[in-house]
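Quick notes on the structure that follows.
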Amino acid sequence: MTPSTPIDTELIAKHNAGLEKDLAADYEHLGAVLARRGVDLEAITARIQRFAVAIPSWGVGSGGTRFARFPVAGEPRNVFEKLEDCAVIQQLGRATPTVSPHFPWDRVDDLRELREFARSYGMSFDAVNSNTFEDLPGQLSYKFGSLTHTDKAVREQAIAHNLECIEIGKQLGSGALTVWIGDGSNFPGQLNMTKALERYLESMRVIVAALPDGWRAFIEHKLYEPALYSTVIADWGTSFICATHLGANVQCLVDLGHHAPTTNIEQIVSRLIQFQRLGGFHFNDSKYGDDDLDTGSIDPFRLYRVFNELVDASARGAPGFDPAYMLDQSHNVTDPIESLMASAMEVQRACAQALLIDRDALEAVQEANDVMLAHRIFKAGFTTDVSTILAEARRRGGGAIDPVGVYRASKYRAHKTKERPAAAGSSSGIV
Ligand code: RM4
Ligand code: MN
Ligand code: MN
């Protein structure tokens, strides 16, 4: 079956035709530059063509802050419309063939129809996210926690939701469950921190026992918010301990925005790889807290440092190394489709740059304690402009050399604004 194409393929071809000549010249030049460094450009381009990062279903709607949400016109009103937007991102960018859904936000009656709908665009589903951080009408409240609540009935409700997410995921063809809880406390003395973690482990044991063969559960830690004094799964240490208690199929998920501002995230990544507990990533960028800004917009060098660890692990054939890559950001002032296309490119960029590091040379100077040379070899990838590689990978994959340019020319947003009048209570966005 040929996948449906929400953007006119002729338009992409026309745009590409105007850019192809320059791209070919730039690509050839970069190939010569890299050849002098002993790097095979074609091998890197092939790796980038295979690289994929999942789109969060909630990301195609506008997010918001604690103060307000400013919805983008033509915002998707349900998961089918979200998938349509995700298909645009994939068609133009060729880096995002999967979607990570979120329940109950994406709840539908007919899961088979949803899976088929995704398939009609050539898309499939990545990790399923459970949501026990907000209340649904008629349910027990999560105001004082979910999987760690003092009341067993609330814990059972939260467990049941996660079990339902696994069932949904099975039908959607997913292979992982991501559990992030907002549980914690706002006041010292509010919560017995030890007992809360005991209750977490007890609840998670039931959930993990329900995982089908080959599935993984990802534990996502977060320093603070919504709990502002203590969060039950606050850091990678807690996440790691819980994962090791719960089983080999439980791993830690690193959301780049979920640490204190100066934390050395790449070192955490290295540790998790070493002990086979790196489940995956939620990519975004941050300046102060869980800002959910576009990936690579604040600190692309940090992303590069993270990818250095990932490329190193992959080059070494680190045992059990198979991280899931997902975006997780909130678009408050941009068109979410543009942000997600650009962000997927930033993840690819960091990957391509890290692939340029001469690992043998680096190892030799590390052994010799030649600090300055080690740093220069390390940084050589970051200071190389790999935009041409990304563009060529998109072109070869049938995507757009300039995805944002084609997207704007397609007037997709204007068409959707007519087709999708704003709906009250839309499940789009994070707030
Ligand atoms: C949280 C966390 C989760 C995401 C929610 C919406 O801060 O990052 O991964 O699903 O936000
Ligand atoms: Mn996240
Ligand atoms: Mn977050």
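Residues in the structure tokens are named by chain (A, B, ... in the order shown) and by number from 1 within that chain; ligands are numbered from 1 in the order shown.
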Got a sec to check which residues lie within 7 Å of ligand 2, using only C-alpha atoms and all ligand atoms, and send them as a list in words?
->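 Every residue with an atom at most 7 Å from ligand 2 is listed here: Glu220, Asp255, His282 and Asp328 of chain A.
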Residues up to 7 Å from ligand 3, counting only C-alpha atoms and all ligand atoms: could you list those as JSON, numbers by chain?
-> {"A": [255, 257, 258, 290, 292]}
Long-range neighbours of Thr45 of chain A as an NGL selection string, 6 Å cut-off, only C-alpha atoms, 3 positions minimum in chain | :A and (42 or 48 or 389 or 393)
Residues as selected, C-alpha atoms, written as a compact mmCIF listing (two decimals), in the first residue's frame, can you do that?
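This went into again_12.txt:
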```txt
# COMPACT_ATOMS: atom_id res chain seq x y z
CA GLU A 42 28.12 8.27 2.53
CA ILE A 48 21.08 9.54 9.28
CA ILE A 389 23.96 15.65 5.24
CA ALA A 393 19.15 12.27 3.67
```
Pick from A:Thr262, A:Thr148, A:Asn162, A:Thr132 nearest to Lys195 of chain A, counting only C-alpha atoms =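 Among A:Thr262, A:Thr148, A:Asn162, A:Thr132, it is A:Thr148 that comes nearest to Lys195 of chain A.
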Going by DSSP on the backbone, which bits of segment 219-268 of chain A are strand (DSSP E or B)? Write them as an MDAnalysis selection string, please.
-> chainID A and resid 219:220 230:231 250:255
Excluding Ser120 of chain A and residues on its chain fewer than 6 positions from it, collect all residues at most 10 Å away from it, counting only C-alpha atoms, and give them as a count of residues only.
-> 7
Enumerate as a ChimeraX atom specification the residues within 10 Å of ligand 1, counting only C-alpha atoms and all ligand atoms.
-> /A:56-59,63,100-103,128-131,133,178-182,219-226,253-258,281-284,290-292,326-330,429-431
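Our summary of the geometry notes that atom CA of Arg277 of chain A is positioned 8.8 Å from atom CA of Asn249 of chain A.
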